[in-house]
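Asker: See upload-v6.cif below, with mmCIF, C-alpha atoms.
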data_coords
loop_
_atom_site.label_atom_id
_atom_site.label_comp_id
_atom_site.auth_asym_id
_atom_site.auth_seq_id
_atom_site.Cartn_x
_atom_site.Cartn_y
_atom_site.Cartn_z
CA MET A 263 0.00 0.00 0.00
CA SER A 264 1.32 3.45 -0.90
CA LEU A 265 1.88 6.16 1.68
CA THR A 266 -0.80 8.31 0.04
CA ALA A 267 -3.33 5.47 0.32
CA ILE A 268 -2.37 4.83 3.95
CA LEU A 269 -2.91 8.48 4.88
CA ASP A 270 -6.01 8.96 2.73
CA ASP A 271 -7.98 5.88 3.75
CA SER A 272 -7.33 5.55 7.50
CA LYS A 273 -8.74 7.40 10.49
CA LEU A 274 -6.86 10.39 11.85
CA SER A 275 -4.58 9.40 14.70
CA PRO A 276 -3.81 11.57 17.76
CA VAL A 277 -0.43 12.41 16.20
CA GLN A 278 -2.16 13.77 13.09
CA TRP A 279 -4.71 15.70 15.14
CA VAL A 280 -1.93 17.33 17.16
CA ALA A 281 -0.16 18.42 13.97
CA ILE A 282 -3.40 19.83 12.52
CA VAL A 283 -4.33 21.69 15.73
CA ILE A 284 -0.84 23.20 15.95
CA CYS A 285 -1.16 24.46 12.36
CA ILE A 286 -4.59 25.96 13.12
CA SER A 287 -3.05 27.70 16.16
CA LEU A 288 -0.17 28.99 14.04
CA ASN A 289 -2.64 30.51 11.61
CA ALA A 290 -4.51 32.13 14.51
CA LEU A 291 -1.15 33.54 15.62
CA ASP A 292 -0.76 35.02 12.12
CA GLY A 293 -4.14 36.70 12.56
CA PHE A 294 -3.04 38.45 15.73
CA ASP A 295 0.38 39.42 14.39
CA VAL A 296 -1.27 41.10 11.37
CA LEU A 297 -3.82 42.91 13.53
CA ALA A 298 -1.27 44.12 16.11
CA ILE A 299 -0.17 47.09 14.01
CA SER A 300 -3.78 48.23 13.57
CA PHE A 301 -4.35 48.36 17.32
CA ALA A 302 -1.01 50.06 17.88
CA SER A 303 -1.41 52.62 15.10
CA PRO A 304 -3.26 55.34 17.09
CA GLY A 305 -0.55 55.29 19.75
CA ILE A 306 2.21 55.30 17.14
CA ALA A 307 0.66 58.29 15.34
CA ALA A 308 0.22 60.20 18.60
CA GLU A 309 3.73 59.47 19.94
CA TRP A 310 5.60 60.23 16.71
CA GLY A 311 3.25 62.86 15.27
CA ILE A 312 3.00 61.18 11.87
CA ASN A 313 0.19 61.89 9.43
CA ARG A 314 -2.31 59.47 7.90
CA ALA A 315 -0.33 59.06 4.70
CA GLU A 316 2.78 57.92 6.59
CA LEU A 317 0.69 55.69 8.82
CA GLY A 318 -0.93 54.13 5.77
CA VAL A 319 2.48 53.10 4.47
CA VAL A 320 3.28 51.51 7.84
CA LEU A 321 -0.01 49.59 7.78
CA ALA A 322 0.61 48.36 4.23
CA MET A 323 4.24 47.28 4.68
CA GLU A 324 3.44 43.93 6.25
CA LEU A 325 1.22 43.10 3.25
CA VAL A 326 4.24 43.65 1.00
CA GLY A 327 6.32 41.38 3.24
CA MET A 328 3.53 38.78 3.26
CA ALA A 329 3.48 38.72 -0.55
CA PHE A 330 7.22 38.08 -0.76
CA GLY A 331 7.09 35.59 2.11
CA SER A 332 4.26 33.59 0.54
CA ILE A 333 6.00 33.34 -2.83
CA PHE A 334 9.61 32.71 -1.80
CA LEU A 335 9.25 30.88 1.50
CA GLY A 336 6.61 28.61 -0.05
CA GLY A 337 9.39 27.44 -2.37
CA VAL A 338 11.71 27.00 0.61
CA ALA A 339 9.10 24.75 2.27
CA ASP A 340 8.99 22.51 -0.80
CA LYS A 341 12.78 22.32 -1.01
CA PHE A 342 13.90 22.15 2.61
CA GLY A 343 10.79 20.94 4.43
CA ARG A 344 7.57 22.22 6.01
CA LYS A 345 8.73 22.10 9.63
CA PRO A 346 12.06 23.94 9.25
CA THR A 347 10.34 26.62 7.16
CA ILE A 348 7.67 27.08 9.83
CA GLN A 349 10.41 27.37 12.44
CA PHE A 350 12.24 29.98 10.35
CA CYS A 351 8.99 31.93 9.90
CA LEU A 352 8.46 31.90 13.68
CA VAL A 353 11.96 33.30 14.17
CA LEU A 354 11.19 36.14 11.72
CA MET A 355 7.82 36.84 13.37
CA THR A 356 9.21 36.76 16.92
CA ALA A 357 12.08 39.07 16.00
CA GLY A 358 9.68 41.37 14.16
CA MET A 359 7.18 41.60 17.03
CA PHE A 360 9.80 42.27 19.69
CA GLY A 361 11.65 44.61 17.35
CA ALA A 362 8.51 46.70 16.77
CA ALA A 363 8.17 47.21 20.53
CA PHE A 364 11.49 49.05 20.72
CA VAL A 365 11.71 51.07 17.49
CA ASP A 366 11.91 54.86 17.53
CA SER A 367 11.47 55.84 13.87
CA VAL A 368 9.07 55.24 11.00
CA MET A 369 11.80 53.87 8.72
CA THR A 370 12.91 51.30 11.27
CA LEU A 371 9.31 50.25 11.87
CA LEU A 372 8.78 49.82 8.13
CA ILE A 373 11.73 47.42 7.95
CA ILE A 374 10.57 45.54 11.05
CA ARG A 375 7.01 45.13 9.75
CA PHE A 376 8.31 43.93 6.37
CA ILE A 377 10.33 41.23 8.15
CA THR A 378 7.27 40.26 10.21
CA GLY A 379 5.22 40.04 7.02
CA LEU A 380 7.81 37.73 5.44
CA GLY A 381 7.27 35.28 8.28
CA ILE A 382 3.48 35.54 8.20
CA GLY A 383 3.34 34.97 4.44
CA GLY A 384 5.63 31.95 4.55
CA MET A 385 3.73 30.52 7.50
CA LEU A 386 0.38 30.35 5.70
CA ALA A 387 1.87 28.63 2.65
CA SER A 388 3.63 26.06 4.86
CA THR A 389 0.75 25.30 7.22
CA ASN A 390 -1.73 24.97 4.35
CA ALA A 391 0.51 22.26 2.84
CA MET A 392 1.15 20.62 6.22
CA VAL A 393 -2.54 20.32 7.15
CA SER A 394 -3.42 18.91 3.73
CA GLU A 395 -0.71 16.28 4.04
CA PHE A 396 -1.60 15.15 7.57
CA ALA A 397 -5.37 15.01 6.97
CA ASN A 398 -7.10 12.01 5.42
CA LYS A 399 -9.22 12.10 2.28
CA LYS A 400 -12.52 12.34 4.16
CA SER A 401 -11.56 15.30 6.35
CA ARG A 402 -9.00 17.14 4.18
CA ASN A 403 -11.27 19.95 2.97
CA LEU A 404 -12.68 20.49 6.46
CA CYS A 405 -9.23 20.56 8.09
CA VAL A 406 -7.73 22.98 5.54
CA ILE A 407 -10.73 25.30 5.76
CA ILE A 408 -10.75 25.27 9.57
CA MET A 409 -7.02 25.98 9.47
CA ALA A 410 -7.77 29.08 7.39
CA THR A 411 -10.55 30.01 9.84
CA GLY A 412 -7.93 30.24 12.58
CA TYR A 413 -6.83 33.54 11.02
CA PRO A 414 -9.97 35.61 11.83
CA ILE A 415 -10.43 33.81 15.14
CA GLY A 416 -6.89 34.75 16.14
CA ALA A 417 -7.55 38.32 15.03
CA VAL A 418 -10.67 38.56 17.21
CA LEU A 419 -9.14 36.91 20.30
CA GLY A 420 -5.83 38.73 19.94
CA GLY A 421 -7.61 42.00 19.32
CA SER A 422 -9.58 41.60 22.54
CA ILE A 423 -6.36 41.06 24.49
CA ALA A 424 -4.71 44.02 22.75
CA SER A 425 -7.66 46.24 23.72
CA MET A 426 -7.24 45.28 27.37
CA LEU A 427 -3.48 45.89 27.25
CA LEU A 428 -3.97 49.36 25.77
CA GLU A 429 -6.18 50.37 28.70
CA THR A 430 -3.17 50.30 31.05
CA HIS A 431 -0.07 50.19 28.81
CA THR A 432 1.37 51.91 25.74
CA TRP A 433 1.13 50.55 22.19
CA ARG A 434 4.48 48.81 22.67
CA ALA A 435 2.87 46.30 25.05
CA VAL A 436 0.86 44.88 22.13
CA PHE A 437 4.05 43.86 20.34
CA ILE A 438 5.72 42.53 23.50
CA PHE A 439 2.70 40.29 24.09
CA GLY A 440 2.70 39.17 20.45
CA GLY A 441 6.44 38.44 20.51
CA SER A 442 6.09 36.40 23.70
CA ILE A 443 3.29 34.22 22.32
CA THR A 444 5.07 33.79 18.99
CA GLY A 445 8.27 32.78 20.79
CA LEU A 446 6.33 30.22 22.83
CA PHE A 447 5.15 28.57 19.62
CA MET A 448 8.78 28.05 18.62
CA LEU A 449 8.96 25.52 21.46
CA VAL A 450 5.59 23.98 20.59
CA VAL A 451 6.67 23.40 16.98
CA ALA A 452 10.11 22.11 17.94
CA PHE A 453 8.75 19.41 20.28
CA TRP A 454 5.32 18.47 18.94
CA LEU A 455 5.03 19.23 15.23
CA PRO A 456 6.36 16.40 13.01
CA GLU A 457 7.58 16.83 9.47
CA SER A 458 5.21 15.99 6.63
CA LEU A 459 5.63 12.34 5.62
CA LEU A 460 4.81 13.12 2.00
CA TYR A 461 7.56 15.73 1.94
CA MET A 462 10.00 13.20 3.40
CA VAL A 463 9.32 10.50 0.81
CA ASN A 464 9.64 13.06 -2.01
CA HIS A 465 13.04 14.13 -0.62
CA PRO A 466 14.56 10.85 0.61
CA LYS A 467 17.79 10.66 2.60
CA GLU A 468 19.74 7.72 3.94
CA ASN A 469 17.46 7.02 6.93
CA THR A 470 14.18 8.36 5.54
CA LEU A 471 12.44 4.96 5.44
CA ASP A 472 13.20 4.41 9.13
CA LYS A 473 11.91 7.86 10.04
CA VAL A 474 8.73 7.46 8.01
CA ASN A 475 8.01 4.02 9.47
CA HIS A 476 8.71 5.28 12.98
CA MET A 477 6.10 8.00 12.47
CA LEU A 478 3.63 5.54 10.89
CA ALA A 479 4.08 3.27 13.91
CA ARG A 480 3.27 6.17 16.23
CA MET A 481 0.13 6.76 14.14
CA LYS A 482 -0.70 2.99 14.39
CA LYS A 483 -0.71 2.65 10.59
CA PRO A 484 0.80 0.04 8.24
CA LEU A 485 4.54 0.39 7.61
CA LEU A 486 6.22 0.80 4.22
CA ASP A 487 8.40 -1.97 2.80
CA ALA A 488 10.28 0.55 0.67
CA LEU A 489 10.16 4.20 -0.27
CA PRO A 490 8.20 5.08 -3.40
CA ALA A 491 10.07 6.73 -6.23
CA PRO A 492 10.00 10.53 -5.73
CA ALA A 493 7.80 12.47 -8.11
CA VAL A 494 9.75 13.46 -11.22
CA SER A 495 8.85 17.10 -10.66
CA ALA A 496 10.32 16.90 -7.16
CA LYS A 497 13.74 17.03 -8.79
CA LYS A 498 12.85 20.18 -10.73
CA SER A 499 12.42 23.75 -9.57
CA SER A 500 9.02 23.99 -7.94
CA TYR A 501 8.32 27.21 -9.83
CA SER A 502 9.20 25.72 -13.20
CA THR A 503 6.80 22.87 -12.38
CA LEU A 504 4.00 25.27 -11.46
CA PHE A 505 4.31 27.08 -14.79
CA SER A 506 5.00 24.00 -16.89
CA PRO A 507 2.57 23.31 -19.76
CA GLU A 508 0.78 20.71 -17.60
CA MET A 509 0.15 23.02 -14.65
CA ARG A 510 0.33 26.55 -16.04
CA LYS A 511 -3.39 27.00 -16.60
CA LEU A 512 -4.23 25.57 -13.18
CA THR A 513 -1.79 27.93 -11.44
CA LEU A 514 -2.97 30.98 -13.38
CA LEU A 515 -6.69 30.28 -12.81
CA LEU A 516 -6.17 29.91 -9.07
CA MET A 517 -4.10 33.11 -9.02
CA VAL A 518 -6.88 35.01 -10.79
CA ALA A 519 -9.57 33.56 -8.51
CA TYR A 520 -7.69 34.38 -5.30
CA PHE A 521 -6.60 37.86 -6.43
CA ALA A 522 -10.15 38.80 -7.45
CA GLN A 523 -11.88 37.37 -4.37
CA ILE A 524 -9.37 38.88 -1.95
CA MET A 525 -10.11 42.31 -3.46
CA THR A 526 -13.80 41.85 -2.66
CA PHE A 527 -13.01 40.51 0.82
CA TYR A 528 -10.65 43.33 1.81
CA PHE A 529 -13.08 45.98 0.60
CA ILE A 530 -15.43 44.83 3.36
CA LEU A 531 -12.69 44.26 5.92
CA LYS A 532 -10.96 47.63 5.47
CA TRP A 533 -13.86 49.96 4.66
CA ILE A 534 -16.65 48.91 7.05
CA PRO A 535 -15.52 51.22 9.91
CA LYS A 536 -15.30 54.30 7.69
CA ILE A 537 -18.56 53.51 5.84
CA VAL A 538 -20.47 52.96 9.09
CA VAL A 539 -19.17 56.21 10.60
CA ASP A 540 -20.18 58.06 7.43
CA MET A 541 -23.69 56.66 7.90
CA GLY A 542 -23.88 58.62 11.15
CA PHE A 543 -22.87 56.00 13.72
CA GLY A 544 -20.08 56.34 16.26
CA ALA A 545 -16.63 54.78 16.00
CA ALA A 546 -17.43 52.23 18.74
CA GLN A 547 -20.57 51.15 16.88
CA ALA A 548 -18.55 50.87 13.67
CA GLY A 549 -16.17 48.54 15.50
CA GLN A 550 -19.11 46.39 16.57
CA VAL A 551 -20.26 46.08 12.97
CA LEU A 552 -16.77 44.97 11.96
CA VAL A 553 -16.81 42.32 14.70
CA TRP A 554 -20.13 41.03 13.31
CA ALA A 555 -18.58 40.82 9.85
CA ASN A 556 -15.65 38.80 11.23
CA LEU A 557 -17.91 36.51 13.22
CA GLY A 558 -20.03 35.91 10.13
CA GLY A 559 -16.86 35.14 8.21
CA ALA A 560 -15.73 32.58 10.78
CA VAL A 561 -19.12 30.86 10.77
CA GLY A 562 -19.21 30.84 6.98
CA ALA A 563 -15.79 29.22 6.77
CA ILE A 564 -16.63 26.49 9.30
CA LEU A 565 -19.98 25.74 7.67
CA LEU A 566 -18.32 25.53 4.24
CA GLY A 567 -15.83 23.05 5.66
CA LEU A 568 -18.61 20.90 7.07
CA LEU A 569 -20.56 20.98 3.80
CA THR A 570 -17.57 20.05 1.67
CA SER A 571 -16.92 16.93 3.74
CA LYS A 572 -20.10 15.71 1.99
CA LEU A 573 -20.24 17.85 -1.16
CA ASN A 574 -17.91 18.73 -4.00
CA LEU A 575 -15.78 21.73 -2.91
CA ARG A 576 -15.41 23.32 -6.33
CA LEU A 577 -19.12 23.08 -7.18
CA THR A 578 -20.06 24.38 -3.70
CA MET A 579 -17.75 27.36 -4.16
CA ILE A 580 -19.57 28.63 -7.25
CA PRO A 581 -22.89 29.57 -5.51
CA VAL A 582 -20.96 30.80 -2.46
CA LEU A 583 -19.02 33.29 -4.59
CA ILE A 584 -22.13 34.43 -6.46
CA LEU A 585 -23.84 35.07 -3.11
CA ALA A 586 -20.73 36.95 -1.96
CA PHE A 587 -21.24 39.37 -4.86
CA VAL A 588 -24.95 39.68 -4.02
CA MET A 589 -24.32 40.40 -0.33
CA VAL A 590 -21.59 42.98 -0.99
CA SER A 591 -24.05 44.72 -3.33
CA VAL A 592 -26.78 44.52 -0.68
CA PHE A 593 -24.39 45.97 1.90
CA GLY A 594 -23.94 48.93 -0.42
CA ILE A 595 -27.60 49.91 -0.09
CA GLY A 596 -26.85 51.49 3.30
CA TYR A 597 -29.02 51.20 6.41
CA SER A 598 -30.19 53.59 9.10
CA ASP A 599 -30.77 50.84 11.66
CA LEU A 600 -27.61 49.53 13.37
CA GLY A 601 -29.09 46.09 14.00
CA THR A 602 -29.94 45.61 10.32
CA LEU A 603 -26.52 46.88 9.32
CA ALA A 604 -24.83 44.41 11.68
CA LEU A 605 -26.84 41.49 10.31
CA VAL A 606 -26.16 42.44 6.70
CA SER A 607 -22.45 42.80 7.52
CA ALA A 608 -22.43 39.36 9.17
CA ALA A 609 -24.09 37.80 6.11
CA THR A 610 -21.64 39.59 3.83
CA GLY A 611 -18.69 38.38 5.91
CA PHE A 612 -20.19 34.88 5.88
CA PHE A 613 -20.02 34.54 2.09
CA THR A 614 -16.92 36.63 1.32
CA ASN A 615 -14.73 34.82 3.87
CA ALA A 616 -16.16 31.42 2.93
CA GLY A 617 -15.05 32.23 -0.62
CA VAL A 618 -11.50 32.99 0.53
CA VAL A 619 -11.01 29.92 2.73
CA GLY A 620 -12.65 27.69 0.13
CA LEU A 621 -9.86 28.72 -2.21
CA TYR A 622 -7.32 27.45 0.34
CA GLY A 623 -9.09 24.11 0.15
CA LEU A 624 -8.92 24.15 -3.66
CA MET A 625 -5.18 24.91 -3.51
CA ALA A 626 -4.65 21.94 -1.20
CA GLN A 627 -6.55 19.74 -3.67
CA ALA A 628 -5.02 21.15 -6.82
CA PHE A 629 -1.27 21.15 -6.19
CA PRO A 630 0.61 17.85 -5.75
CA ALA A 631 2.60 17.36 -2.54
CA ASN A 632 6.00 18.19 -4.01
CA VAL A 633 4.90 21.70 -5.08
CA ARG A 634 1.97 22.28 -2.72
CA ALA A 635 3.66 24.91 -0.55
CA SER A 636 5.15 26.67 -3.59
CA GLY A 637 1.82 26.67 -5.42
CA THR A 638 -0.08 27.93 -2.39
CA GLY A 639 2.61 30.54 -1.77
CA VAL A 640 2.57 31.88 -5.32
CA VAL A 641 -1.24 32.11 -5.40
CA ILE A 642 -1.41 33.80 -1.99
CA GLY A 643 1.55 36.05 -2.73
CA ILE A 644 0.02 37.38 -5.93
CA GLY A 645 -3.31 37.63 -4.13
CA ARG A 646 -1.77 40.00 -1.60
CA GLY A 647 -1.66 42.46 -4.47
CA GLY A 648 -5.44 42.31 -4.47
CA ALA A 649 -5.44 42.87 -0.73
CA ALA A 650 -3.26 45.96 -1.08
CA LEU A 651 -5.14 47.31 -4.11
CA SER A 652 -8.64 46.81 -2.72
CA PRO A 653 -8.82 49.72 -0.24
CA VAL A 654 -6.94 51.96 -2.68
CA VAL A 655 -9.31 51.27 -5.59
CA ALA A 656 -12.37 51.72 -3.37
CA GLY A 657 -10.94 54.97 -2.05
CA LEU A 658 -10.37 56.30 -5.57
CA LEU A 659 -13.94 55.42 -6.54
CA PHE A 660 -15.32 57.21 -3.47
CA THR A 661 -13.09 60.24 -4.14
CA ASN A 662 -14.40 60.48 -7.70
CA GLY A 663 -17.99 60.69 -6.50
CA VAL A 664 -19.16 57.10 -7.00
CA SER A 665 -21.96 56.22 -4.58
CA LEU A 666 -21.64 53.54 -1.89
CA GLN A 667 -23.94 51.31 -3.92
CA GLY A 668 -21.82 51.78 -7.04
CA VAL A 669 -18.56 51.13 -5.22
CA ALA A 670 -19.99 48.03 -3.54
CA ILE A 671 -21.14 46.58 -6.87
CA ALA A 672 -17.78 47.37 -8.49
CA MET A 673 -15.76 45.81 -5.64
CA GLY A 674 -18.13 42.85 -5.39
CA THR A 675 -17.41 42.04 -9.03
CA GLY A 676 -14.19 40.39 -7.87
CA ALA A 677 -16.27 37.51 -6.53
CA LEU A 678 -17.83 37.04 -9.98
CA VAL A 679 -14.39 36.97 -11.60
CA ALA A 680 -13.35 34.33 -9.07
CA THR A 681 -16.50 32.35 -9.93
CA LEU A 682 -15.55 32.25 -13.60
CA ALA A 683 -11.98 31.19 -12.84
CA ILE A 684 -13.19 28.32 -10.65
CA TYR A 685 -15.78 27.31 -13.25
CA PHE A 686 -13.00 26.77 -15.78
CA LEU A 687 -11.12 24.43 -13.45
CA ASN A 688 -11.73 20.86 -14.55
CA ASN A 689 -13.36 18.92 -11.69
CA LYS A 690 -11.04 15.92 -11.95
CA GLN A 691 -10.56 15.64 -8.18
CA GLY A 692 -13.56 16.98 -6.56
CA GLY A 693 -16.01 14.32 -5.30
CA ARG A 694 -17.32 14.64 -1.78
CA GLY A 695 -14.45 16.21 0.03
CA THR A 696 -11.83 14.22 -1.81
CA ALA A 697 -8.40 15.49 -2.62
CA THR A 698 -5.81 13.23 -4.11
CA HIS A 699 -2.20 14.24 -4.28
CA SER A 700 -2.22 14.77 -8.02
CA SER A 701 -3.18 18.09 -9.47
CA LEU A 702 -6.45 19.22 -10.89
CA SER A 703 -6.35 19.53 -14.64
CA ALA A 704 -6.99 23.19 -15.31
CA VAL A 705 -8.78 22.88 -18.63
CA THR A 706 -11.74 24.68 -19.98
CA LYS A 707 -15.03 22.88 -20.23
#
What would the structure in this file look like if it were written as structure tokens?

Answerer:
Amino acid sequence: MSLTAILDDSKLSPVQWVAIVICISLNALDGFDVLAISFASPGIAAEWGINRAELGVVLAMELVGMAFGSIFLGGVADKFGRKPTIQFCLVLMTAGMFGAAFVDSVMTLLIIRFITGLGIGGMLASTNAMVSEFANKKSRNLCVIIMATGYPIGAVLGGSIASMLLETHTWRAVFIFGGSITGLFMLVVAFWLPESLLYMVNHPKENTLDKVNHMLARMKKPLLDALPAPAVSAKKSSYSTLFSPEMRKLTLLLMVAYFAQIMTFYFILKWIPKIVVDMGFGAAQAGQVLVWANLGGAVGAILLGLLTSKLNLRLTMIPVLILAFVMVSVFGIGYSDLGTLALVSAATGFFTNAGVVGLYGLMAQAFPANVRASGTGVVIGIGRGGAALSPVVAGLLFTNGVSLQGVAIAMGTGALVATLAIYFLNNKQGGRGTATHSSLSAVTK
């Protein structure tokens, strides 16, 4: 029996569950580390006397780092291993969080946040691959999607702690707390997170068979008599494989889908507070609406994961993305009642975030094990461009006199573009929550 068959067709063992839970926690840690600068920004602006334009650059710098980290460290994870890459990312993130607590200039903070972003970007590419490779066929979609859901959950929980810290401490305490928790996870990963078995067999060394069988024994699974031959593409550059004639269309379609959907998602995430205040509500009430949007997003992601354990992920994603466009357009109507606004925001978050995390599931299905981290990293890295462009494009539309309804429809169109890209993915893999370790064939119907 092949290693893929052993992992796909057997129940998850405690060892696998521990690895998956650690990866979910790491993604939640990413959520807090990204949000930390937002909570600290008022204190930074007040202490250093910087204007909104300068502060905007500070807020955007981690997104730039995340793009580079996703693309380049995803390749590192495919070449040198998931676990060592995760450990390296934690070192970058810990250094970045502690470093931000002691900076005294905007330029230094920009460098520090770029370094932090490198770690965050590489982390998501690595953990997405790791969860996919430790999950079995039945639960793979659910596990990958719940892993992605850790991001907004970490943002909400970490944001609550940051709010409490800021009541009695300066903005620097937020980064000290974040650095401490991130550093703690370095120990957790070192002692309890195993390396991906699929990575190990694709990059065999002298004692790889013994290591793989030792781990399989801990999982109470059948042992291998011999190592399978590594995938041919494992010997090639992961990036040349991703853009080879066999995989080019797949990679490009996923890039388009993620870029377009992330633009729609970040329009809601970044502009809700300002839009709600402009409707006549207070800043605290605007924050409550944003919390509702995040909670709706978390629920939407979990429910999508549960549904795709029974249904085809790709086919489920198509109506989800269409409804994301509809709800963003409905949000643009504007409401005078705060309760209605909160409910509409929650429903909008439900579908827009479900669309994003569903794409993580498709990436885990689509890319084979030997280029899974690279493929995920490239797609996410390019997608960060959509994240950075989204608030800028919306701002330009508002500045040029486009109504809220018009801007919402325009920004929601990203979800429709993502729908088309996913439609043109051939559904070779997708039966009820299945995900083999071969790639989807990205061909038009």

Asker: Could you check how far CA of Ser394 in chain A sits from CA of Gly623 in chain A, in Å to one decimal?

Answerer: 8.5 Å

Asker: I'd like a table as JSON lines: residues in range 551-629 of chain A with an atom no more than 9 Å from range 412-432 of chain A, each row giving the shortest atom pair and its distance in Å to one decimal, only C-alpha atoms counted, sorted by chain and rising residue number.

Answerer:
{"residue": "A:Val553", "atom": "CA", "partner": "A:Val418", "partner_atom": "CA", "distance": 7.6}
{"residue": "A:Asn556", "atom": "CA", "partner": "A:Pro414", "partner_atom": "CA", "distance": 6.5}
{"residue": "A:Leu557", "atom": "CA", "partner": "A:Pro414", "partner_atom": "CA", "distance": 8.1}
{"residue": "A:Gly559", "atom": "CA", "partner": "A:Pro414", "partner_atom": "CA", "distance": 7.8}
{"residue": "A:Ala560", "atom": "CA", "partner": "A:Pro414", "partner_atom": "CA", "distance": 6.6}

Asker: For each of A:Met517, A:Leu269, A:Val588, A:Val450, take the minimum atom-to-atom distance to Val641 in chain A, counting all atoms listed in the file, then give the residue where this is smallest.

Answerer: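 Smallest distance to Val641 in chain A is found for A:Met517.
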
Asker: Which neighbours of Leu274 in chain A fall inside 9 Å, counting only C-alpha atoms, when residues of the same chain fewer than 5 positions from it are skipped, and could you give them as a list in words?

Answerer: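 Contacts, in chain order: Leu269, Trp279, Phe396, Ala397, Asn398, Ser401 and Met481 of chain A.
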
Asker: Write out, as a tab-separated table (two decimals), in the coordinates of the input, the residues just selected, with C-alpha atoms.

Answerer:
chain	number	residue	atom	x	y	z
A	269	LEU	CA	-2.91	8.48	4.88
A	279	TRP	CA	-4.71	15.70	15.14
A	396	PHE	CA	-1.60	15.15	7.57
A	397	ALA	CA	-5.37	15.01	6.97
A	398	ASN	CA	-7.10	12.01	5.42
A	401	SER	CA	-11.56	15.30	6.35
A	481	MET	CA	0.13	6.76	14.14

Asker: I need the output of the PyMOL selection byres ((chain A and resi 268) around 12) for this file as a list of chain:residue names; which residues are they?

Answerer: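 After applying the PyMOL selection byres ((chain A and resi 268) around 12), what remains is A:Met263, A:Ser264, A:Leu265, A:Thr266, A:Ala267, A:Leu269, A:Asp270, A:Asp271, A:Ser272, A:Lys273, A:Leu274, A:Ser275, A:Glu395, A:Phe396, A:Ala397, A:Asn398, A:Lys399, A:Leu459, A:Leu460, A:Asn475, A:Leu478, A:Ala479, A:Met481, A:Lys482, A:Lys483, A:Pro484, A:Leu485, A:Leu486.
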
Asker: Restricting it to C-alpha atoms, dump the selection as a PDB file, in the frame of the given file.

Answerer:
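Printed below is result.pdb as written:
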ATOM      1  CA  MET A 263       0.000   0.000   0.000  1.00  0.00           C
ATOM      2  CA  SER A 264       1.320   3.450  -0.900  1.00  0.00           C
ATOM      3  CA  LEU A 265       1.880   6.160   1.680  1.00  0.00           C
ATOM      4  CA  THR A 266      -0.800   8.310   0.040  1.00  0.00           C
ATOM      5  CA  ALA A 267      -3.330   5.470   0.320  1.00  0.00           C
ATOM      6  CA  LEU A 269      -2.910   8.480   4.880  1.00  0.00           C
ATOM      7  CA  ASP A 270      -6.010   8.960   2.730  1.00  0.00           C
ATOM      8  CA  ASP A 271      -7.980   5.880   3.750  1.00  0.00           C
ATOM      9  CA  SER A 272      -7.330   5.550   7.500  1.00  0.00           C
ATOM     10  CA  LYS A 273      -8.740   7.400  10.490  1.00  0.00           C
ATOM     11  CA  LEU A 274      -6.860  10.390  11.850  1.00  0.00           C
ATOM     12  CA  SER A 275      -4.580   9.400  14.700  1.00  0.00           C
ATOM     13  CA  GLU A 395      -0.710  16.280   4.040  1.00  0.00           C
ATOM     14  CA  PHE A 396      -1.600  15.150   7.570  1.00  0.00           C
ATOM     15  CA  ALA A 397      -5.370  15.010   6.970  1.00  0.00           C
ATOM     16  CA  ASN A 398      -7.100  12.010   5.420  1.00  0.00           C
ATOM     17  CA  LYS A 399      -9.220  12.100   2.280  1.00  0.00           C
ATOM     18  CA  LEU A 459       5.630  12.340   5.620  1.00  0.00           C
ATOM     19  CA  LEU A 460       4.810  13.120   2.000  1.00  0.00           C
ATOM     20  CA  ASN A 475       8.010   4.020   9.470  1.00  0.00           C
ATOM     21  CA  LEU A 478       3.630   5.540  10.890  1.00  0.00           C
ATOM     22  CA  ALA A 479       4.080   3.270  13.910  1.00  0.00           C
ATOM     23  CA  MET A 481       0.130   6.760  14.140  1.00  0.00           C
ATOM     24  CA  LYS A 482      -0.700   2.990  14.390  1.00  0.00           C
ATOM     25  CA  LYS A 483      -0.710   2.650  10.590  1.00  0.00           C
ATOM     26  CA  PRO A 484       0.800   0.040   8.240  1.00  0.00           C
ATOM     27  CA  LEU A 485       4.540   0.390   7.610  1.00  0.00           C
ATOM     28  CA  LEU A 486       6.220   0.800   4.220  1.00  0.00           C
TER      29      LEU A 486
END

Asker: Check which residues satisfy the PyMOL selection byres ((chain A and resi 659-675) around 9) in the file shown, then give them as a ChimeraX atom specification.

Answerer: /A:522-523,525-527,529-530,537,586-596,652,654-658,676-680

Asker: Write out as a CSV table (one decimal) with C-alpha atoms, in the frame of the given file the residues lying within 12 Å of Asp540 in chain A, counting only C-alpha atoms and excluding same-chain residues fewer than 4 positions away.

Answerer:
chain,number,residue,atom,x,y,z
A,533,TRP,CA,-13.9,50.0,4.7
A,534,ILE,CA,-16.6,48.9,7.0
A,535,PRO,CA,-15.5,51.2,9.9
A,536,LYS,CA,-15.3,54.3,7.7
A,544,GLY,CA,-20.1,56.3,16.3
A,545,ALA,CA,-16.6,54.8,16.0
A,547,GLN,CA,-20.6,51.2,16.9
A,548,ALA,CA,-18.6,50.9,13.7
A,596,GLY,CA,-26.8,51.5,3.3
A,597,TYR,CA,-29.0,51.2,6.4
A,598,SER,CA,-30.2,53.6,9.1
A,660,PHE,CA,-15.3,57.2,-3.5
A,666,LEU,CA,-21.6,53.5,-1.9

Asker: Env of Val463 in chain A: 8 Å cut, atoms = only C-alpha atoms, seq-sep filter 4 positions within chain, self excluded. Answer as a list in words.

Answerer: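 Here the qualifying residues turn out to be Leu459, Thr470, Leu471, Val474, Leu489, Pro490 and Pro492 of chain A.
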